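J.: File query24.cif follows (mmCIF, C-alpha atoms):
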```
data_final
loop_
_atom_site.label_atom_id
_atom_site.label_comp_id
_atom_site.auth_asym_id
_atom_site.auth_seq_id
_atom_site.Cartn_x
_atom_site.Cartn_y
_atom_site.Cartn_z
CA MET A 1 -10.77 13.29 -12.73
CA THR A 2 -13.64 15.17 -11.15
CA SER A 3 -13.27 17.03 -7.89
CA SER A 4 -15.92 14.82 -6.32
CA ARG A 5 -13.90 11.75 -7.24
CA ILE A 6 -10.78 13.29 -5.74
CA ASP A 7 -12.73 14.10 -2.57
CA GLU A 8 -13.94 10.50 -2.40
CA LEU A 9 -10.42 9.13 -2.81
CA ILE A 10 -8.99 11.49 -0.20
CA ALA A 11 -11.72 10.42 2.22
CA LEU A 12 -10.87 6.78 1.62
CA ALA A 13 -7.15 7.51 2.01
CA ALA A 14 -7.85 9.18 5.35
CA LEU A 15 -9.87 6.16 6.39
CA GLY A 16 -7.09 3.83 5.28
CA GLU A 17 -9.51 2.10 2.97
CA LEU A 18 -8.16 2.67 -0.52
CA SER A 19 -8.00 -0.35 -2.78
CA VAL A 20 -4.80 -0.85 -4.74
CA GLU A 21 -6.45 0.57 -7.84
CA GLU A 22 -7.82 3.56 -5.97
CA ARG A 23 -4.43 4.18 -4.40
CA ASP A 24 -2.84 4.23 -7.82
CA GLU A 25 -5.56 6.56 -9.04
CA LEU A 26 -5.03 8.99 -6.18
CA ASP A 27 -1.25 8.84 -6.44
CA ASP A 28 -1.49 9.64 -10.13
CA ALA A 29 -3.76 12.60 -9.40
CA ALA A 30 -1.51 13.83 -6.60
CA HIS A 31 1.58 13.65 -8.76
CA ARG A 32 -0.13 15.51 -11.58
CA ASP A 33 -1.62 18.22 -9.41
CA GLN A 34 0.14 19.69 -6.40
CA ALA A 35 -3.14 21.03 -5.10
CA VAL A 36 -4.46 17.49 -4.81
CA ALA A 37 -1.27 16.43 -3.06
CA ALA A 38 -1.63 19.33 -0.64
CA GLU A 39 -5.26 18.45 0.08
CA LEU A 40 -4.30 14.85 0.72
CA ASP A 41 -1.45 15.86 3.01
CA GLU A 42 -3.73 18.18 4.97
CA ALA A 43 -6.43 15.54 5.36
CA LEU A 44 -3.95 12.94 6.60
CA ALA A 45 -2.38 15.45 8.98
CA ALA A 46 -5.82 16.21 10.39
CA VAL A 47 -6.50 12.52 10.92
CA ALA A 48 -3.17 12.13 12.68
CA ALA A 49 -3.94 15.10 14.90
CA ILE A 50 -7.27 13.56 15.89
CA GLN A 51 -5.62 10.26 16.75
CA ARG A 52 -2.50 11.47 18.57
CA PRO A 53 -4.27 12.14 21.87
CA TYR A 54 -5.40 8.54 21.94
CA ALA A 55 -1.89 7.15 22.12
CA GLU A 56 -1.60 4.02 24.18
CA GLU A 57 1.72 2.46 25.05
CA PRO A 58 2.02 -1.13 23.85
CA PRO A 59 3.39 -3.89 26.10
CA ALA A 60 7.09 -3.39 26.76
CA ALA A 61 8.00 -6.72 25.16
CA LEU A 62 6.87 -5.47 21.79
CA ARG A 63 9.87 -3.16 21.58
CA ASN A 64 12.36 -6.01 21.55
CA SER A 65 10.22 -7.94 19.13
CA VAL A 66 10.11 -5.02 16.69
CA LEU A 67 13.82 -4.31 16.98
CA ALA A 68 14.59 -7.98 16.41
CA ALA A 69 12.33 -8.06 13.37
CA ILE A 70 14.09 -5.22 11.60
CA THR A 71 17.45 -6.95 11.85
CA SER A 72 16.26 -9.36 9.18
CA THR A 73 14.37 -6.76 7.16
CA PRO A 74 16.24 -4.99 4.39
CA GLN A 75 15.40 -1.40 3.65
CA GLU A 76 14.20 -0.18 0.31
CA LEU A 77 15.54 2.54 -1.87
CA VAL A 78 13.36 4.32 -4.38
CA VAL A 79 15.12 4.02 -7.69
CA ASP A 80 12.95 6.53 -9.49
CA GLY A 81 9.70 8.35 -9.17
CA GLY A 82 9.40 8.17 -5.43
CA ALA A 83 6.33 7.63 -3.38
CA ASP A 84 3.42 9.36 -1.86
CA PRO A 85 5.07 9.97 1.48
CA ALA A 86 1.84 10.56 3.30
CA SER A 87 0.19 7.33 2.31
CA GLY A 88 3.47 5.44 2.16
CA THR A 89 2.44 4.25 -1.23
CA PRO A 90 4.98 3.78 -3.96
CA GLN A 91 4.34 5.66 -7.14
CA ARG A 92 3.19 3.47 -10.00
CA GLY A 93 6.19 2.45 -11.99
CA SER A 94 8.73 3.06 -9.31
CA ALA A 95 11.05 0.19 -8.62
CA PRO A 96 11.86 -0.22 -4.98
CA VAL A 97 14.99 -2.13 -4.28
CA VAL A 98 16.77 -3.12 -1.16
CA SER A 99 19.28 -0.82 0.44
CA PHE A 100 22.18 -3.13 0.03
CA GLU A 101 24.61 -0.74 1.63
CA ALA A 102 22.86 -0.71 4.97
CA GLU A 103 22.40 -4.43 4.96
CA ARG A 104 25.94 -5.09 3.93
CA ALA A 105 27.18 -3.08 6.84
CA ARG A 106 25.13 -5.30 9.05
CA ARG A 107 26.64 -8.44 7.51
CA ARG A 108 23.36 -10.19 7.57
CA PHE A 109 23.06 -11.21 3.96
CA ARG A 110 22.86 -14.84 3.29
CA PRO A 111 25.53 -16.33 1.07
CA GLY A 112 24.74 -17.31 -2.47
CA LEU A 113 22.58 -20.31 -1.71
CA LEU A 114 20.94 -20.32 -5.08
CA ALA A 115 23.92 -19.55 -7.23
CA ALA A 116 24.02 -22.43 -9.63
CA ALA A 117 24.75 -21.96 -13.26
CA ALA A 118 23.77 -25.19 -14.95
CA VAL A 119 25.18 -23.98 -18.19
CA ALA A 120 28.28 -21.87 -18.26
CA LEU A 121 29.07 -19.30 -20.86
CA PHE A 122 32.68 -19.53 -21.89
CA PHE A 123 34.50 -16.76 -23.62
CA VAL A 124 37.26 -17.61 -26.01
CA GLY A 125 38.60 -14.74 -28.02
CA GLY A 126 35.39 -12.83 -27.50
CA VAL A 127 33.20 -15.63 -28.82
CA ALA A 128 30.56 -17.04 -26.54
CA LEU A 129 30.32 -20.80 -26.53
CA VAL A 130 27.11 -22.07 -25.01
CA ALA A 131 27.14 -25.59 -23.68
CA THR A 132 24.25 -27.84 -24.54
CA ASN A 133 22.09 -30.29 -22.62
CA ASP A 134 22.82 -33.97 -22.77
CA ASP A 135 20.21 -34.40 -25.47
CA GLY A 136 21.84 -31.71 -27.55
CA SER A 137 19.07 -29.15 -27.04
CA ASP A 138 19.80 -25.52 -26.28
CA PRO A 139 19.18 -25.00 -22.56
CA ILE A 140 18.71 -21.27 -22.99
CA ALA A 141 16.11 -21.72 -25.70
CA ALA A 142 14.38 -24.28 -23.49
CA VAL A 143 13.66 -21.57 -20.94
CA ILE A 144 12.81 -18.86 -23.46
CA ASP A 145 10.50 -21.12 -25.43
CA ALA A 146 8.86 -22.76 -22.41
CA PRO A 147 5.07 -22.33 -22.40
CA ASP A 148 5.17 -20.87 -18.90
CA ALA A 149 8.03 -18.45 -19.55
CA THR A 150 7.59 -15.00 -18.02
CA VAL A 151 9.67 -11.93 -18.80
CA ARG A 152 10.90 -9.10 -16.62
CA SER A 153 12.77 -6.13 -18.05
CA LEU A 154 15.21 -4.58 -15.62
CA ALA A 155 15.59 -0.82 -15.47
CA GLY A 156 18.12 1.49 -13.92
CA GLU A 157 21.50 2.92 -14.79
CA ILE A 158 21.93 0.23 -17.39
CA ASP A 159 19.20 -0.81 -19.75
CA GLY A 160 18.82 -3.76 -22.00
CA ILE A 161 18.69 -6.58 -19.48
CA THR A 162 15.80 -9.00 -19.55
CA VAL A 163 15.19 -11.98 -17.32
CA ILE A 164 13.09 -14.86 -18.59
CA TYR A 165 11.92 -17.39 -16.05
CA SER A 166 10.30 -20.78 -16.51
CA ALA A 167 8.96 -22.65 -13.52
CA SER A 168 8.73 -25.85 -15.50
CA GLU A 169 12.42 -25.56 -16.36
CA GLY A 170 13.24 -24.42 -12.85
CA ALA A 171 15.59 -21.92 -14.39
CA LEU A 172 15.95 -18.37 -15.57
CA VAL A 173 17.84 -16.82 -18.44
CA ILE A 174 19.37 -13.40 -18.32
CA GLU A 175 19.69 -11.73 -21.68
CA GLY A 176 21.14 -8.38 -22.51
CA ASP A 177 22.74 -6.31 -25.20
CA GLY A 178 24.42 -2.97 -25.34
CA LEU A 179 25.97 -3.58 -21.94
CA ALA A 180 29.22 -1.97 -20.90
CA VAL A 181 32.10 -4.35 -21.47
CA LEU A 182 33.86 -5.06 -18.20
CA ASP A 183 37.55 -5.56 -17.66
CA ASP A 184 38.80 -8.96 -16.58
CA ASN A 185 38.59 -8.10 -12.91
CA ALA A 186 34.88 -7.35 -12.86
CA ALA A 187 31.57 -9.08 -13.48
CA TYR A 188 27.90 -8.32 -13.19
CA GLN A 189 26.05 -10.20 -10.46
CA LEU A 190 22.33 -11.00 -10.35
CA TRP A 191 20.55 -11.01 -6.98
CA LEU A 192 17.20 -12.11 -5.65
CA VAL A 193 16.06 -9.67 -3.02
CA GLY A 194 13.32 -10.49 -0.56
CA GLY A 195 12.32 -9.92 3.00
CA ASP A 196 15.18 -12.06 4.29
CA GLY A 197 17.87 -10.23 2.39
CA ALA A 198 19.69 -10.68 -0.89
CA THR A 199 20.70 -13.98 -2.40
CA SER A 200 23.16 -14.28 -5.25
CA VAL A 201 21.93 -15.99 -8.37
CA GLY A 202 25.32 -15.78 -10.01
CA THR A 203 27.65 -13.64 -12.06
CA PHE A 204 27.65 -12.90 -15.75
CA ARG A 205 29.84 -11.03 -18.20
CA PRO A 206 28.87 -9.59 -21.55
CA ASP A 207 30.92 -10.46 -24.59
CA ALA A 208 32.98 -7.95 -26.56
CA ASP A 209 29.79 -6.67 -28.21
CA GLY A 210 28.09 -6.09 -24.88
CA THR A 211 25.80 -9.07 -25.33
CA VAL A 212 24.97 -11.74 -22.79
CA ALA A 213 22.72 -14.78 -22.68
CA GLN A 214 23.12 -17.01 -19.67
CA ARG A 215 21.00 -19.60 -17.90
CA PHE A 216 20.82 -20.14 -14.15
CA ALA A 217 19.18 -23.30 -12.87
CA ASP A 218 17.57 -24.21 -9.55
CA VAL A 219 16.34 -20.69 -8.99
CA ASP A 220 12.86 -19.28 -8.48
CA PRO A 221 12.61 -15.49 -8.68
CA ILE A 222 8.86 -15.33 -7.98
CA GLY A 223 8.23 -12.93 -5.13
CA PHE A 224 11.68 -11.40 -5.27
CA VAL A 225 13.08 -8.19 -6.67
CA LEU A 226 15.79 -8.86 -9.21
CA GLY A 227 18.84 -6.63 -8.94
CA VAL A 228 22.09 -6.37 -10.85
CA THR A 229 25.32 -4.98 -9.42
CA GLN A 230 28.90 -4.82 -10.60
CA GLU A 231 31.24 -6.91 -8.51
CA PRO A 232 34.75 -8.36 -8.61
CA ALA A 233 35.15 -11.09 -11.20
CA GLY A 234 34.39 -13.92 -8.82
CA GLY A 235 31.29 -12.26 -7.46
CA SER A 236 30.57 -11.03 -3.95
CA GLU A 237 28.76 -12.47 -0.98
CA SER A 238 26.73 -9.29 -0.67
CA PRO A 239 25.71 -6.68 -3.23
CA THR A 240 27.74 -3.55 -3.78
CA LEU A 241 26.04 -0.27 -4.60
CA PRO A 242 25.06 1.16 -6.93
CA ILE A 243 22.29 -1.08 -8.09
CA LEU A 244 22.64 -0.90 -11.83
CA ALA A 245 19.27 -2.35 -12.79
CA SER A 246 16.31 -3.86 -11.02
CA ALA A 247 12.77 -5.09 -11.51
CA MET B 248 14.70 10.09 10.53
CA GLN B 249 17.67 10.56 8.23
CA ARG B 250 19.64 8.15 10.39
CA VAL B 251 16.83 5.61 10.13
CA GLN B 252 16.87 6.04 6.37
CA ALA B 253 20.58 5.26 6.49
CA GLY B 254 19.90 1.98 8.29
CA ASP B 255 20.74 3.08 11.83
CA ASP B 256 19.26 0.58 14.30
CA ALA B 257 19.73 2.85 17.30
CA ALA B 258 17.93 5.71 15.58
CA PHE B 259 15.07 3.37 14.77
CA ALA B 260 14.86 2.31 18.40
CA ALA B 261 14.50 5.98 19.32
CA LEU B 262 11.84 6.39 16.65
CA TYR B 263 9.99 3.39 18.08
CA ASP B 264 10.04 4.97 21.53
CA GLU B 265 8.61 8.17 20.09
CA LEU B 266 5.89 6.60 17.98
CA ALA B 267 4.94 3.33 19.68
CA GLY B 268 2.10 4.93 21.61
CA VAL B 269 0.41 6.65 18.70
CA VAL B 270 0.87 3.66 16.42
CA PHE B 271 -0.45 1.15 18.94
CA GLY B 272 -3.27 3.50 19.91
CA THR B 273 -4.29 4.00 16.30
CA VAL B 274 -4.21 0.30 15.56
CA LYS B 275 -6.09 -0.64 18.70
CA ARG B 276 -8.81 1.89 18.00
CA VAL B 277 -9.57 -0.06 14.85
CA LEU B 278 -8.90 -3.62 15.97
CA ARG B 279 -9.70 -3.42 19.69
CA ASP B 280 -8.13 -6.83 20.23
CA PRO B 281 -4.87 -6.20 22.16
CA ALA B 282 -2.96 -9.22 20.86
CA MET B 283 -3.90 -8.53 17.27
CA SER B 284 -3.04 -4.88 17.79
CA GLU B 285 0.44 -5.86 18.93
CA GLU B 286 0.94 -7.95 15.81
CA VAL B 287 -0.19 -5.15 13.53
CA THR B 288 1.87 -2.59 15.43
CA GLN B 289 4.92 -4.71 14.74
CA GLU B 290 3.95 -4.91 11.07
CA VAL B 291 3.66 -1.12 10.99
CA PHE B 292 7.12 -0.59 12.44
CA VAL B 293 8.68 -3.13 10.12
CA GLU B 294 7.04 -1.28 7.22
CA LEU B 295 8.33 2.04 8.57
CA TRP B 296 11.82 0.57 8.67
CA ARG B 297 11.58 -1.09 5.27
CA THR B 298 10.14 1.93 3.49
CA ALA B 299 11.97 4.67 5.40
CA ALA B 300 13.50 5.95 2.17
CA ARG B 301 10.03 6.87 0.97
CA PHE B 302 9.42 9.31 3.79
CA ASP B 303 9.50 12.95 2.72
CA SER B 304 9.56 15.46 5.55
CA GLU B 305 8.28 18.15 3.22
CA ARG B 306 5.02 16.28 2.79
CA ALA B 307 4.22 15.00 6.26
CA SER B 308 5.50 14.69 9.79
CA VAL B 309 6.93 11.35 10.83
CA SER B 310 4.01 10.74 13.16
CA THR B 311 1.46 11.54 10.44
CA TRP B 312 3.22 9.09 8.16
CA ALA B 313 3.28 6.44 10.86
CA ILE B 314 -0.37 6.97 11.82
CA THR B 315 -1.42 6.78 8.18
CA ILE B 316 0.34 3.45 7.77
CA ALA B 317 -1.02 2.23 11.10
CA ARG B 318 -4.60 3.01 10.15
CA ARG B 319 -4.22 1.35 6.74
CA ARG B 320 -2.57 -1.75 8.21
CA ALA B 321 -5.27 -2.07 10.84
CA VAL B 322 -8.02 -1.74 8.28
CA ASP B 323 -6.31 -4.34 6.11
CA ARG B 324 -6.24 -6.71 9.07
CA VAL B 325 -9.92 -6.15 9.73
CA ARG B 326 -10.69 -6.90 6.12
CA ARG B 327 -8.69 -10.08 6.23
CA GLU B 328 -9.86 -11.51 9.48
CA GLN B 329 -13.32 -10.35 10.26
CA SER B 330 -16.59 -10.40 8.50
CA GLN B 331 -18.38 -7.09 8.43
CA ARG B 332 -21.18 -8.45 10.55
CA ASP B 333 -18.86 -9.69 13.27
CA ARG B 334 -17.14 -6.36 13.25
CA ILE B 335 -20.35 -4.40 13.72
CA GLU B 336 -21.53 -6.67 16.51
CA ARG B 337 -18.28 -6.29 18.38
CA SER B 338 -18.28 -2.59 17.75
CA ALA B 339 -21.69 -2.11 19.26
CA ALA B 340 -20.76 -4.18 22.28
CA GLN B 341 -17.34 -2.71 22.94
CA ARG B 342 -17.49 0.97 22.07
CA ALA B 343 -16.17 2.89 25.02
CA PRO B 344 -18.87 4.67 26.98
CA GLU B 345 -18.84 8.43 27.35
CA GLY B 346 -16.47 9.59 30.06
CA ASP B 347 -14.60 6.36 30.65
CA SER B 348 -11.32 6.64 32.49
CA THR B 349 -9.11 6.31 29.44
CA ASP B 350 -10.91 9.04 27.56
CA ASP B 351 -10.95 11.24 30.63
CA ALA B 352 -7.21 11.02 30.84
CA VAL B 353 -6.84 11.71 27.15
CA VAL B 354 -9.08 14.73 27.21
CA ALA B 355 -6.90 16.16 29.94
CA SER B 356 -4.08 16.62 27.48
CA ILE B 357 -3.63 19.90 25.73
CA GLU B 358 -3.72 18.33 22.32
CA ALA B 359 -6.87 16.44 23.13
CA GLU B 360 -8.52 19.68 24.15
CA ARG B 361 -7.46 21.30 20.92
CA VAL B 362 -8.88 18.39 18.95
CA ALA B 363 -12.05 18.40 21.00
CA ARG B 364 -12.56 22.11 20.37
CA ALA B 365 -12.00 21.69 16.65
CA LEU B 366 -14.40 18.76 16.51
CA ALA B 367 -17.01 20.68 18.46
CA GLU B 368 -16.99 23.37 15.80
CA LEU B 369 -18.00 20.90 13.12
CA PRO B 370 -21.60 20.49 12.07
CA GLU B 371 -23.09 17.65 14.09
CA GLU B 372 -23.50 15.28 11.17
CA GLN B 373 -19.83 15.63 10.23
CA ARG B 374 -18.56 15.47 13.81
CA VAL B 375 -20.36 12.21 14.48
CA VAL B 376 -18.93 10.57 11.39
CA ILE B 377 -15.40 11.87 12.07
CA GLU B 378 -15.50 10.65 15.66
CA MET B 379 -16.82 7.25 14.67
CA ALA B 380 -14.15 6.89 11.99
CA PHE B 381 -11.08 8.16 13.80
CA ILE B 382 -11.81 7.87 17.49
CA ASP B 383 -13.99 4.78 17.54
CA GLY B 384 -12.01 3.28 14.66
CA GLU B 385 -14.98 2.36 12.48
CA SER B 386 -14.75 1.73 8.77
CA HIS B 387 -16.91 3.86 6.52
CA SER B 388 -19.05 0.87 5.62
CA ASP B 389 -19.68 0.15 9.31
CA ILE B 390 -20.58 3.77 9.89
CA ALA B 391 -23.01 3.61 6.98
CA VAL B 392 -24.73 0.62 8.55
CA LEU B 393 -24.72 2.02 12.06
CA LEU B 394 -26.11 5.39 10.98
CA ASP B 395 -28.24 3.99 8.17
CA LEU B 396 -26.61 6.25 5.61
CA PRO B 397 -25.48 5.64 2.04
CA LEU B 398 -21.76 4.93 1.71
CA GLY B 399 -21.29 8.02 -0.41
CA THR B 400 -22.83 10.20 2.24
CA VAL B 401 -20.43 8.87 4.86
CA LYS B 402 -17.42 9.48 2.63
CA GLY B 403 -18.71 12.95 1.81
CA ARG B 404 -19.08 13.84 5.47
CA VAL B 405 -15.63 12.50 6.25
CA ARG B 406 -14.15 14.61 3.50
CA LEU B 407 -16.03 17.76 4.46
CA GLY B 408 -15.21 17.31 8.11
CA LEU B 409 -11.53 16.80 7.41
CA LYS B 410 -11.45 19.86 5.16
CA LYS B 411 -12.78 21.98 7.98
CA LEU B 412 -10.45 20.40 10.49
CA GLY B 413 -7.45 20.67 8.20
CA GLY B 414 -6.80 24.32 8.82
CA LYS B 415 -7.08 23.89 12.56
CA LEU B 416 -5.31 20.58 13.08
CA GLY B 417 -3.22 20.00 10.00
CA ALA B 418 -0.27 21.95 11.28
CA THR B 419 0.27 19.64 14.24
CA PRO B 420 3.87 18.36 14.13
#
```
Taking this structure as input, can you express it in the form of structure tokens?

T.:
Amino acid sequence: MTSSRIDELIALAALGELSVEERDELDDAAHRDQAVAAELDEALAAVAAIQRPYAEEPPAALRNSVLAAITSTPQELVVDGGADPASGTPQRGSAPVVSFEAERARRRFRPGLLAAAAVALFFVGGVALVATNDDGSDPIAAVIDAPDATVRSLAGEIDGITVIYSASEGALVIEGDGLAVLDDNAAYQLWLVGGDGATSVGTFRPDADGTVAQRFADVDPIGFVLGVTQEPAGGSESPTLPILASA
Amino acid sequence: MQRVQAGDDAAFAALYDELAGVVFGTVKRVLRDPAMSEEVTQEVFVELWRTAARFDSERASVSTWAITIARRRAVDRVRREQSQRDRIERSAAQRAPEGDSTDDAVVASIEAERVARALAELPEEQRVVIEMAFIDGESHSDIAVLLDLPLGTVKGRVRLGLKKLGGKLGATP
């Protein structure tokens, strides 16, 4: 990237007028080159200094409104990478997830409204038996093979989990292999995390080979962060840190 | 800020008390509409709360971080809700005159004097653009129209002006 391009992007950052693509471009440059990061920081600090004398107290009622608003707003953690702290912009590829710990302490999570496994996965002697639809079709394959199926790969402490969602099926499938085998008292739990908190999708357990394939119906993950935690076998009403994988 | 990052409501309330003025002032400089400025100020604080974990004290002060988000949020609101032409018309009609009471009070502050001195040392063409952008709250495209300059020239003057100001003002906590 040329120095003139960097100057242009820093000017736009100072003006608060970066497009998403430009923000990514500048963040990439700043993370590659500390000198660029330092120039950006200095420019933003100068802007802040110019604007500080023009502080103007907002109406008093706004305080209560803001403090009420945060009670229903979960905080994010940065799983990896981090962010450009000056622009408040997450680094490309980072996976922000909700700070479950803080929210749990506040006891404001909603219960598992969406937890509904239409097809259960039974384990008998380590063999997974997948129930079928009434017409004999494979309900997991129905999601995976749906024309509108979309895939999200979760990343974090554990790898190998993929979530496939089909709006036409109104269901998602969680697939994974190479997962740690849990004892009988524990299960993984999948969560949808949005601005209103975390909602349980349901629990799942890998088989003796660390493999899982499970369908959850009546769930729409669009617009939510997906997170996986380890919980007691019956699942929890709120997530327990650490977040093992998210996307 | 560490307590806010840990989800401490009371610490966030204290942070609000510290930053509400600069955030609201920054937003209102851009939007001018008080009601809309309140809405965006709330959005800024909710974002500060939500993304508190992203704040790095080694990179910026809390107020710099908040002002940066405030400016960006305000600009986003302008983009969403106003056509450029409407914006320019309102800008021309509502820009505060020289020496109005609010600015007089502001200039009385020590920091304002420091900023004013630093701005005065800039070449005229850079000072005008910096003041229009960050005191009048204009976008660079509005400045280009108002001054009849190419967009690139406006961005270049903003960048040059901020470079010169950086050494003088950048260390403000």

J.: Could you tell me which of A:Leu40, A:Val143, A:Asp183, A:Leu9 comes closest to Glu21 of chain A if we count all atoms listed in the file?

T.: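 Once distances to Glu21 of chain A are computed over all atoms listed in the file, the minimum belongs to A:Leu9.
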
J.: Please enumerate the residues selected by the PyMOL selection byres ((chain A and resi 67) around 12) when evaluated against the supplied file, formatted as a compact mmCIF listing (two decimals) with C-alpha atoms, keeping the file's coordinate frame.

T.:
```txt
# COMPACT_ATOMS: atom_id res chain seq x y z
CA ALA A 60 7.09 -3.39 26.76
CA ALA A 61 8.00 -6.72 25.16
CA LEU A 62 6.87 -5.47 21.79
CA ARG A 63 9.87 -3.16 21.58
CA ASN A 64 12.36 -6.01 21.55
CA SER A 65 10.22 -7.94 19.13
CA VAL A 66 10.11 -5.02 16.69
CA ALA A 68 14.59 -7.98 16.41
CA ALA A 69 12.33 -8.06 13.37
CA ILE A 70 14.09 -5.22 11.60
CA THR A 71 17.45 -6.95 11.85
CA SER A 72 16.26 -9.36 9.18
CA THR A 73 14.37 -6.76 7.16
CA ASP B 255 20.74 3.08 11.83
CA ASP B 256 19.26 0.58 14.30
CA ALA B 257 19.73 2.85 17.30
CA ALA B 258 17.93 5.71 15.58
CA PHE B 259 15.07 3.37 14.77
CA ALA B 260 14.86 2.31 18.40
CA ALA B 261 14.50 5.98 19.32
CA LEU B 262 11.84 6.39 16.65
CA TYR B 263 9.99 3.39 18.08
CA ASP B 264 10.04 4.97 21.53
CA GLN B 289 4.92 -4.71 14.74
CA GLU B 290 3.95 -4.91 11.07
CA PHE B 292 7.12 -0.59 12.44
CA VAL B 293 8.68 -3.13 10.12
CA LEU B 295 8.33 2.04 8.57
CA TRP B 296 11.82 0.57 8.67
```

J.: List the residues matched by the PyMOL selection byres ((chain A and resi 231) around 12) in the displayed structure as a ChimeraX atom specification, ordered by chain and then by residue number.

T.: /A:182-191,200,202-205,228-230,232-244

J.: Using all atoms listed in the file, which residue out of B:Met379, B:Ile314, B:Ala365, B:Val392 lies closest to chain A?

T.: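 The closest residue to chain A is B:Ile314.
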
J.: Using Å and a single decimal, report how far atom CA of Asp41 of chain A sits from atom CA of Gly16 of chain A.

T.: 13.5 Å

J.: Quick one: of B:Leu366, B:Met248, B:Ala380, B:Ala253, who's nearest to Gly413 of chain B, counting all atoms listed in the file?

T.: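 Among the listed residues, the smallest separation from Gly413 of chain B belongs to B:Leu366.
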
J.: Which neighbours of Val193 of chain A fall inside 7 Å, counting all atoms listed in the file, when residues of the same chain fewer than 5 positions from it are skipped, and could you give them as a list of chain:residue names?

T.: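 The filter keeps A:Val98, A:Ala198, A:Thr199, A:Phe224, A:Val225, A:Leu226.
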
J.: May I ask which of the residues B:Asp395, B:Glu371, B:Glu286, B:Asp389 is the closest one to chain A, counting all atoms listed in the file?

T.: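 Answer, going by the shortest atom-to-atom distance: B:Glu286.
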
J.: How would you write, as a ChimeraX atom specification, the residues chosen by the PyMOL selection byres ((chain B and resi 311) around 12) on this structure?

T.: /A:14,40-52,85-88 /B:266,269-270,273,295,302-310,312-318,416-420

J.: Mind pulling up the distance from atom CA of Ile377 of chain B to atom CA of Pro281 of chain B?

T.: 23.2 Å

J.: Return the single residue from B:Arg324, B:Arg374, B:Arg297, B:His387 that is closest to Val274 of chain B, with distances computed using only C-alpha atoms.

T.: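 The shortest atom-to-atom distance to Val274 of chain B comes from B:Arg324.
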
J.: Here is a test: counting all atoms listed in the file, which residue of B:Ile382, B:Gln249, B:Ala299, B:Ala267 is nearest to Val362 of chain B?

T.: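 Selected residue with least distance to Val362 of chain B: B:Ile382.
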
J.: Could you pull out every residue with an atom within 10 Å of (13.6, -12.6, -21.6), file coordinates, counting only C-alpha atoms, and send them as a list in words?

T.: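 Final list of nearby residues, as requested, is Val143, Ile144, Asp145, Ala149, Thr150, Val151, Arg152, Ser153, Ile161, Thr162, Val163, Ile164, Tyr165, Leu172, Val173, Ile174, Glu175, Gly176 and Ala213 of chain A.
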
J.: Give me the residues within 8 Å of Val322 of chain B as a ChimeraX atom specification, counting only C-alpha atoms and dropping any in the same chain fewer than 4 places off.

T.: /A:16-17 /B:277-278,318,326,386

J.: Neighbouring residues of Leu394 of chain B were defined as those with any atom within 10 Å, considering only C-alpha atoms; residues of the same chain fewer than 4 positions away were excluded. Please report them as a list in words.

T.: Val375, Val376, Ser388, Asp389, Ile390 and Val401 of chain B

J.: Can you pull out the residues contacting Arg406 of chain B? Cut-off 9 Å, using only C-alpha atoms, and skip same-chain residues under 2 positions away; I want them as JSON, numbers by chain.

T.: {"A": [7, 8, 10, 11, 12, 14, 43], "B": [373, 401, 402, 403, 404, 408, 409, 410, 411]}

J.: Would you export the selected residues with C-alpha atoms as an mmCIF file, in the coordinates of the input, please?

T.:
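Writing the result to selection-v1.cif gives the following:
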```cif
data_model
loop_
_atom_site.group_PDB
_atom_site.id
_atom_site.type_symbol
_atom_site.label_atom_id
_atom_site.label_comp_id
_atom_site.auth_asym_id
_atom_site.auth_seq_id
_atom_site.Cartn_x
_atom_site.Cartn_y
_atom_site.Cartn_z
ATOM 1 C CA ASP A 7 -12.730 14.100 -2.570
ATOM 2 C CA GLU A 8 -13.940 10.500 -2.400
ATOM 3 C CA ILE A 10 -8.990 11.490 -0.200
ATOM 4 C CA ALA A 11 -11.720 10.420 2.220
ATOM 5 C CA LEU A 12 -10.870 6.780 1.620
ATOM 6 C CA ALA A 14 -7.850 9.180 5.350
ATOM 7 C CA ALA A 43 -6.430 15.540 5.360
ATOM 8 C CA GLN B 373 -19.830 15.630 10.230
ATOM 9 C CA VAL B 401 -20.430 8.870 4.860
ATOM 10 C CA LYS B 402 -17.420 9.480 2.630
ATOM 11 C CA GLY B 403 -18.710 12.950 1.810
ATOM 12 C CA ARG B 404 -19.080 13.840 5.470
ATOM 13 C CA GLY B 408 -15.210 17.310 8.110
ATOM 14 C CA LEU B 409 -11.530 16.800 7.410
ATOM 15 C CA LYS B 410 -11.450 19.860 5.160
ATOM 16 C CA LYS B 411 -12.780 21.980 7.980
#
```

J.: Rounded to one decimal in Å, what is the spacing between atom CA of Arg250 of chain B and atom CA of Glu56 of chain A?

T.: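 Atom CA of Glu56 of chain A lies 25.7 Å from atom CA of Arg250 of chain B.
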